[in-house]
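As provided, input02.tsv (TSV, C-alpha atoms and all ligand atoms) reads as follows.
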chain	number	residue	atom	x	y	z
C	11	MET	CA	12.49	5.94	-27.30
C	12	THR	CA	13.15	7.62	-23.95
C	13	GLU	CA	13.62	5.46	-20.86
C	14	LEU	CA	10.23	6.54	-19.55
C	15	ASN	CA	8.50	5.50	-22.77
C	16	VAL	CA	10.16	2.09	-22.61
C	17	TRP	CA	9.03	1.62	-18.98
C	18	HIS	CA	5.46	2.62	-19.90
C	19	ASN	CA	5.35	0.38	-22.95
C	20	VAL	CA	6.73	-2.64	-21.13
C	21	ASP	CA	4.41	-2.13	-18.14
C	22	ASN	CA	1.43	-1.80	-20.50
C	23	TYR	CA	2.60	-4.91	-22.39
C	24	PHE	CA	2.60	-7.01	-19.19
C	25	THR	CA	-0.69	-5.50	-18.07
C	26	ASP	CA	-2.31	-6.45	-21.39
C	27	LYS	CA	-0.77	-9.93	-21.48
C	28	LEU	CA	-0.97	-11.04	-17.86
C	29	LEU	CA	-3.70	-9.17	-16.02
C	30	PRO	CA	-7.31	-10.28	-16.42
C	31	ASP	CA	-9.93	-7.63	-17.14
C	32	ASN	CA	-10.97	-6.24	-13.78
C	33	SER	CA	-13.94	-3.96	-14.27
C	34	CYS	CA	-14.01	-2.98	-10.57
C	35	LEU	CA	-10.47	-1.65	-10.73
C	36	THR	CA	-11.05	0.12	-14.04
C	37	ALA	CA	-14.20	1.71	-12.61
C	38	ALA	CA	-12.32	2.76	-9.45
C	39	LEU	CA	-9.65	4.57	-11.47
C	40	LEU	CA	-12.33	6.36	-13.53
C	41	ALA	CA	-14.25	7.35	-10.37
C	42	ASN	CA	-11.05	8.59	-8.71
C	43	LYS	CA	-10.21	10.71	-11.73
C	44	ALA	CA	-13.74	12.13	-11.87
C	45	ALA	CA	-13.46	13.03	-8.17
C	46	GLY	CA	-10.12	14.78	-8.73
C	47	ILE	CA	-8.18	12.33	-6.57
C	48	PRO	CA	-4.43	12.40	-7.30
C	49	GLU	CA	-3.27	9.53	-9.49
C	50	ILE	CA	-0.88	8.13	-6.91
C	51	ASP	CA	-2.42	4.68	-6.51
C	52	VAL	CA	-0.28	1.64	-7.25
C	53	SER	CA	-0.06	0.66	-10.92
C	54	PRO	CA	-2.06	-2.31	-12.27
C	55	THR	CA	1.00	-4.60	-12.25
C	56	GLN	CA	1.89	-3.48	-8.71
C	57	GLY	CA	-1.72	-4.04	-7.62
C	58	ARG	CA	-1.53	-7.51	-9.09
C	59	PHE	CA	1.71	-8.08	-7.16
C	60	LEU	CA	-0.09	-7.12	-3.92
C	61	TYR	CA	-2.92	-9.48	-4.85
C	62	LEU	CA	-0.56	-12.39	-5.57
C	63	LEU	CA	1.50	-11.81	-2.44
C	64	THR	CA	-1.64	-11.77	-0.28
C	65	LYS	CA	-2.82	-14.96	-1.93
C	66	LEU	CA	0.61	-16.64	-1.59
C	67	LYS	CA	0.60	-15.76	2.10
C	68	GLY	CA	-2.92	-17.19	2.52
C	69	ALA	CA	-3.66	-14.01	4.46
C	70	VAL	CA	-6.86	-13.67	6.43
C	71	ASN	CA	-6.33	-10.22	7.94
C	72	VAL	CA	-4.75	-7.40	5.95
C	73	LEU	CA	-3.88	-3.89	7.13
C	74	GLU	CA	-3.34	-1.03	4.71
C	75	ILE	CA	-2.09	2.39	5.77
C	76	GLY	CA	-3.13	4.86	3.03
C	77	THR	CA	-6.42	4.09	1.22
C	78	LEU	CA	-6.71	6.94	-1.31
C	79	GLY	CA	-9.60	5.86	-3.61
C	80	GLY	CA	-9.39	2.20	-2.60
C	81	TYR	CA	-7.57	0.84	-5.66
C	82	SER	CA	-4.98	-1.18	-3.72
C	83	SER	CA	-7.57	-2.04	-1.02
C	84	ILE	CA	-9.63	-3.75	-3.72
C	85	CYS	CA	-6.54	-5.61	-5.05
C	86	LEU	CA	-5.78	-6.87	-1.54
C	87	ALA	CA	-9.39	-7.82	-0.74
C	88	GLN	CA	-9.86	-9.70	-4.02
C	89	ALA	CA	-7.06	-12.05	-2.92
C	90	LEU	CA	-8.78	-13.06	0.31
C	91	SER	CA	-10.80	-16.15	1.08
C	92	LYS	CA	-14.40	-15.87	2.35
C	93	GLU	CA	-13.49	-15.00	5.93
C	94	GLY	CA	-10.68	-12.56	5.00
C	95	LYS	CA	-10.81	-8.85	5.84
C	96	VAL	CA	-8.89	-5.68	4.94
C	97	VAL	CA	-8.69	-2.78	7.38
C	98	THR	CA	-7.54	0.37	5.59
C	99	LEU	CA	-6.63	3.69	7.20
C	100	GLU	CA	-7.15	7.07	5.50
C	101	ILE	CA	-6.80	10.60	6.83
C	102	ASN	CA	-8.87	12.32	4.14
C	103	GLU	CA	-12.67	11.93	4.47
C	104	ASP	CA	-13.25	12.96	0.83
C	105	TYR	CA	-10.91	10.24	-0.44
C	106	ALA	CA	-12.46	7.74	1.97
C	107	SER	CA	-15.91	8.60	0.66
C	108	VAL	CA	-14.84	7.88	-2.95
C	109	ALA	CA	-13.11	4.69	-1.78
C	110	ARG	CA	-16.33	3.57	-0.05
C	111	LYS	CA	-18.24	3.95	-3.32
C	112	ASN	CA	-15.55	2.09	-5.28
C	113	ILE	CA	-15.53	-0.70	-2.71
C	114	ARG	CA	-19.33	-0.97	-2.77
C	115	HIS	CA	-19.27	-1.07	-6.57
C	116	ALA	CA	-16.74	-3.92	-6.33
C	117	GLY	CA	-19.09	-5.78	-3.95
C	118	LEU	CA	-16.42	-5.76	-1.25
C	119	GLU	CA	-18.08	-3.67	1.46
C	120	GLU	CA	-18.25	-6.70	3.79
C	121	LYS	CA	-14.52	-7.35	3.34
C	122	ILE	CA	-13.02	-3.85	3.61
C	123	GLU	CA	-13.29	-1.55	6.61
C	124	ILE	CA	-12.12	2.03	6.10
C	125	ILE	CA	-11.10	3.88	9.25
C	126	VAL	CA	-10.86	7.63	8.79
C	127	GLY	CA	-8.34	9.71	10.73
C	128	PRO	CA	-4.59	10.18	11.06
C	129	ALA	CA	-3.19	6.63	11.09
C	130	LEU	CA	-1.10	7.30	14.19
C	131	ASP	CA	-4.38	8.01	16.04
C	132	THR	CA	-6.28	5.03	14.64
C	133	LEU	CA	-3.55	2.37	14.84
C	134	PRO	CA	-3.69	2.18	18.68
C	135	ASP	CA	-7.43	1.35	18.44
C	136	LEU	CA	-6.63	-1.67	16.30
C	137	LYS	CA	-4.37	-2.95	19.07
C	138	LYS	CA	-7.09	-2.31	21.67
C	139	ARG	CA	-9.56	-4.22	19.47
C	140	GLY	CA	-7.11	-7.15	19.47
C	141	HIS	CA	-6.51	-7.00	15.71
C	142	PHE	CA	-3.46	-8.74	14.29
C	143	PHE	CA	-2.53	-8.95	10.62
C	144	ASP	CA	-0.90	-11.31	8.13
C	145	VAL	CA	-0.12	-8.69	5.46
C	146	ILE	CA	0.56	-5.00	6.18
C	147	PHE	CA	0.85	-2.54	3.31
C	148	ILE	CA	2.41	0.81	4.28
C	149	ASP	CA	1.56	3.47	1.68
C	150	ALA	CA	0.73	6.79	3.37
C	151	ASP	CA	2.74	9.87	4.43
C	152	LYS	CA	6.41	8.90	4.26
C	153	PRO	CA	7.70	11.03	7.19
C	154	ASN	CA	5.66	8.75	9.48
C	155	ASN	CA	7.04	5.52	7.99
C	156	PRO	CA	9.26	4.81	11.05
C	157	GLU	CA	6.21	5.04	13.35
C	158	TYR	CA	4.15	2.93	10.95
C	159	LEU	CA	6.84	0.27	11.06
C	160	LYS	CA	6.78	0.22	14.88
C	161	TRP	CA	2.99	-0.24	14.74
C	162	ALA	CA	3.28	-2.87	12.02
C	163	VAL	CA	5.58	-4.94	14.25
C	164	LYS	CA	3.14	-4.59	17.18
C	165	LEU	CA	0.18	-5.60	15.02
C	166	ALA	CA	1.86	-8.41	13.06
C	167	ASN	CA	1.03	-12.06	13.39
C	168	SER	CA	4.13	-14.22	13.44
C	169	GLY	CA	5.32	-14.59	9.84
C	170	ALA	CA	3.42	-11.50	8.69
C	171	VAL	CA	4.51	-9.80	5.48
C	172	ILE	CA	5.15	-6.05	5.39
C	173	ILE	CA	5.27	-4.18	2.09
C	174	ALA	CA	6.17	-0.49	2.00
C	175	ASP	CA	5.82	1.46	-1.23
C	176	ASN	CA	7.87	4.37	-2.62
C	177	VAL	CA	11.16	3.67	-0.87
C	178	VAL	CA	13.48	4.70	-3.72
C	179	ARG	CA	12.21	8.26	-4.18
C	180	ASN	CA	13.65	8.48	-7.69
C	181	GLY	CA	17.08	7.59	-6.28
C	182	ALA	CA	17.07	10.22	-3.50
C	183	ILE	CA	17.07	7.48	-0.84
C	184	THR	CA	20.90	7.45	-0.88
C	185	ASP	CA	21.15	11.21	-0.27
C	186	ILE	CA	22.07	11.40	3.41
C	187	ASN	CA	21.87	15.22	3.29
C	188	SER	CA	18.36	15.28	1.86
C	189	MET	CA	16.16	18.02	3.32
C	190	ASP	CA	13.04	16.24	2.06
C	191	GLU	CA	11.14	14.78	5.04
C	192	ARG	CA	9.72	12.04	2.85
C	193	VAL	CA	13.26	10.91	2.02
C	194	SER	CA	14.51	11.12	5.61
C	195	GLY	CA	11.35	9.33	6.78
C	196	VAL	CA	12.08	6.42	4.47
C	197	GLN	CA	15.78	6.44	5.45
C	198	GLN	CA	14.85	6.15	9.14
C	199	PHE	CA	12.38	3.44	8.24
C	200	ILE	CA	15.15	1.47	6.48
C	201	ASP	CA	17.46	1.90	9.51
C	202	LEU	CA	14.71	0.63	11.80
C	203	LEU	CA	14.12	-2.41	9.60
C	204	LYS	CA	17.78	-3.28	10.04
C	205	GLU	CA	17.68	-2.81	13.81
C	206	GLU	CA	14.43	-4.69	14.48
C	207	PRO	CA	15.46	-8.24	15.48
C	208	ARG	CA	12.12	-9.81	14.42
C	209	ILE	CA	12.42	-8.51	10.84
C	210	GLU	CA	14.06	-9.90	7.71
C	211	ALA	CA	13.81	-7.49	4.79
C	212	THR	CA	14.86	-6.56	1.29
C	213	ALA	CA	14.13	-3.70	-1.11
C	214	ILE	CA	13.41	-4.04	-4.81
C	215	GLN	CA	13.81	-1.18	-7.28
C	216	THR	CA	11.05	-0.85	-9.87
C	217	VAL	CA	10.37	1.02	-13.10
C	218	GLY	CA	7.07	1.24	-14.95
C	219	VAL	CA	4.13	3.55	-15.55
C	220	LYS	CA	4.79	5.15	-12.14
C	221	GLY	CA	8.41	5.97	-13.07
C	222	TYR	CA	11.44	4.86	-11.05
C	223	ASP	CA	10.75	3.76	-7.47
C	224	GLY	CA	10.70	0.61	-5.38
C	225	PHE	CA	9.29	-1.23	-2.42
C	226	VAL	CA	10.42	-2.93	0.75
C	227	LEU	CA	9.36	-6.49	1.38
C	228	ALA	CA	9.82	-7.83	4.91
C	229	ILE	CA	8.63	-10.57	7.19
C	230	VAL	CA	8.09	-10.28	10.93
C	231	ASN	CA	9.30	-13.44	12.64
C	301	LIG	C1	-0.08	6.94	-2.05
C	301	LIG	S1	-1.67	7.22	-1.44
C	301	LIG	C2	-2.29	5.60	-1.18
C	301	LIG	C3	-2.52	4.87	-2.45
C	301	LIG	C4	-3.31	3.59	-2.28
C	301	LIG	N1	-2.63	2.70	-1.36
C	301	LIG	C5	-3.46	2.90	-3.61
C	301	LIG	O1	-2.44	2.37	-4.11
C	301	LIG	O2	-4.57	2.90	-4.17
C	301	LIG	C6	-1.38	7.76	0.20
C	301	LIG	C7	-2.65	7.99	0.98
C	301	LIG	O3	-2.29	8.13	2.36
C	301	LIG	C8	-3.14	9.10	2.94
C	301	LIG	N2	-2.50	9.64	4.14
C	301	LIG	C9	-1.56	10.62	4.22
C	301	LIG	N3	-1.24	10.86	5.49
C	301	LIG	C10	-1.97	10.02	6.25
C	301	LIG	C11	-2.08	9.79	7.64
C	301	LIG	N4	-1.36	10.49	8.51
C	301	LIG	N5	-2.94	8.86	8.06
C	301	LIG	C12	-3.69	8.13	7.18
C	301	LIG	N6	-3.62	8.31	5.84
C	301	LIG	C13	-2.78	9.24	5.39
C	301	LIG	C14	-3.33	10.13	1.84
C	301	LIG	O4	-4.47	10.93	2.07
C	301	LIG	C15	-3.43	9.25	0.60
C	301	LIG	O5	-4.76	8.93	0.34
Represent the supplied structure as structure tokens.
Ligand SMILES: C[S@@+](CC[C@H](N)C(=O)[O-])C[C@H]1O[C@@H](n2cnc3c(N)ncnc32)[C@H](O)[C@@H]1O
Amino acid sequence: MTELNVWHNVDNYFTDKLLPDNSCLTAALLANKAAGIPEIDVSPTQGRFLYLLTKLKGAVNVLEIGTLGGYSSICLAQALSKEGKVVTLEINEDYASVARKNIRHAGLEEKIEIIVGPALDTLPDLKKRGHFFDVIFIDADKPNNPEYLKWAVKLANSGAVIIADNVVRNGAITDINSMDERVSGVQQFIDLLKEEPRIEATAIQTVGVKGYDGFVLAIVN
């Protein structure tokens, strides 16, 4: 068996054993595929990790940067208590429109607000509206990760959790000569995490149905 097959099989094993049937998420993936949306959402086990982390945190307000078809937005929102809300930012109106339908189908339209536009334009409005967040999931265009981190710190409640996906880039993260802006964006993001005095962080490498990658987990003190 190749490495990739092993990662797939083990991920599928844990999905089958540990994750409850979630018809809203299954329907969202089918709707995304039918709409031709790229299959770059988090995996089921990663979505469950986001759900558990949000629940562990007892989060009330969640910010997501990068909605796609709303798969991870639904995972985050399903972890919230009655008064909890997710604000999710998406640049692509077509993706946002599919996400809206998926969210409505999941019965979560009261809990998830999608804001359409480049996140660097919409983040300042959140500050103006006096929004602060307990969990912030950064999962959009990687070159902007350093700016997203600066906004995350500004918009974080004390003790907020930040999760940033795709920080390993199939191992390219250690290539200091990389010409790939997504890699250099994540490298600058990692440097900023280290410099920011309010932040304590780690990074965890992952394998699974999405291949070899990893995420940053941080808290803002
Ligand atoms: C990896 S996908 C998000 C996946 C989603 N979090 C999930 O797991 O279901 C990244 C998304 O970020 C969006 N995006 C890219 N650049 C953006 C920007 N500047 N502002 C807001 N969203 C952006 C893309 O259109 C895409 O939908």
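The residue that comes closest to ligand LIG 301 (chain C), out of C:Glu205, C:Glu100, C:Asp131, C:Glu123 and on the basis of all atoms listed in the file, is C:Glu100.
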Each residue of chain C lying at most 7 Å from ligand LIG 301 (chain C) should get a row with its shortest atom-to-atom pair and the distance in Å to one decimal, counting only C-alpha atoms and all ligand atoms; could you produce that, ordered by chain and increasing number, as a Markdown table?
| residue | atom | partner | partner_atom | distance |
| --- | --- | --- | --- | --- |
| C:Ile50 | CA | C:LIG301 | C1 | 5.1 |
| C:Asp51 | CA | C:LIG301 | O1 | 3.3 |
| C:Val52 | CA | C:LIG301 | O1 | 3.9 |
| C:Ile75 | CA | C:LIG301 | N6 | 6.1 |
| C:Gly76 | CA | C:LIG301 | O3 | 3.4 |
| C:Thr77 | CA | C:LIG301 | C4 | 4.7 |
| C:Leu78 | CA | C:LIG301 | O5 | 3.2 |
| C:Gly79 | CA | C:LIG301 | O2 | 5.9 |
| C:Gly80 | CA | C:LIG301 | O2 | 5.1 |
| C:Tyr81 | CA | C:LIG301 | O2 | 3.9 |
| C:Ser82 | CA | C:LIG301 | O2 | 4.1 |
| C:Ser83 | CA | C:LIG301 | O2 | 6.6 |
| C:Leu99 | CA | C:LIG301 | C12 | 5.3 |
| C:Glu100 | CA | C:LIG301 | N6 | 3.8 |
| C:Ile101 | CA | C:LIG301 | C12 | 4.0 |
| C:Asn102 | CA | C:LIG301 | O4 | 5.1 |
| C:Tyr105 | CA | C:LIG301 | O5 | 6.3 |
| C:Gly127 | CA | C:LIG301 | C12 | 6.1 |
| C:Pro128 | CA | C:LIG301 | N5 | 3.7 |
| C:Ala129 | CA | C:LIG301 | N5 | 3.8 |
| C:Leu130 | CA | C:LIG301 | N4 | 6.5 |
| C:Asp149 | CA | C:LIG301 | N1 | 5.2 |
| C:Ala150 | CA | C:LIG301 | O3 | 3.5 |
| C:Asp151 | CA | C:LIG301 | N3 | 4.2 |
What are the nearest atom pairs, with distances in Å to one decimal, for all residues of range 65-171 of chain C that come at most 10 Å from range 193-199 of chain C, using all atoms listed in the file, set out by chain and rising residue number as a tab-separated table?
residue	atom	partner	partner_atom	distance
C:Asp151	CA	C:Gly195	CA	8.9
C:Lys152	CA	C:Gly195	CA	5.6
C:Pro153	CA	C:Gly195	CA	4.0
C:Asn154	CA	C:Gly195	CA	6.3
C:Asn155	CA	C:Phe199	CA	5.7
C:Pro156	CA	C:Phe199	CA	4.4
C:Glu157	CA	C:Phe199	CA	8.2
C:Tyr158	CA	C:Phe199	CA	8.7
C:Leu159	CA	C:Phe199	CA	7.0
C:Lys160	CA	C:Phe199	CA	9.3
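Distances here use all atoms listed in the file; by that measure, the residue among C:Ile186, C:Val219, C:Thr212, C:Lys138 closest to Leu14 in chain C is C:Val219.
The environment of Arg114 in chain C within 12 Å, counting only C-alpha atoms and disregarding residues fewer than 4 places along the same chain, consists of Cys34, Leu35, Ala37, Ala38, Gly79, Gly80, Ser83, Ile84, Ser107, Val108, Ala109, Arg110, Leu118, Glu119, Glu120, Lys121, Ile122, Glu123 and Ile124 of chain C.
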Include C-alpha atoms and write out the residues we just selected as a tab-separated table (two decimals), in the frame of the given file.
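The resulting again-v4.tsv:
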chain	number	residue	atom	x	y	z
C	34	CYS	CA	-14.01	-2.98	-10.57
C	35	LEU	CA	-10.47	-1.65	-10.73
C	37	ALA	CA	-14.20	1.71	-12.61
C	38	ALA	CA	-12.32	2.76	-9.45
C	79	GLY	CA	-9.60	5.86	-3.61
C	80	GLY	CA	-9.39	2.20	-2.60
C	83	SER	CA	-7.57	-2.04	-1.02
C	84	ILE	CA	-9.63	-3.75	-3.72
C	107	SER	CA	-15.91	8.60	0.66
C	108	VAL	CA	-14.84	7.88	-2.95
C	109	ALA	CA	-13.11	4.69	-1.78
C	110	ARG	CA	-16.33	3.57	-0.05
C	118	LEU	CA	-16.42	-5.76	-1.25
C	119	GLU	CA	-18.08	-3.67	1.46
C	120	GLU	CA	-18.25	-6.70	3.79
C	121	LYS	CA	-14.52	-7.35	3.34
C	122	ILE	CA	-13.02	-3.85	3.61
C	123	GLU	CA	-13.29	-1.55	6.61
C	124	ILE	CA	-12.12	2.03	6.10
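The nearest approach to Leu73 in chain C among the residues C:Glu206, C:Asp104, C:Asp144, C:Asp26, with all atoms listed in the file taken into account, belongs to C:Asp144.
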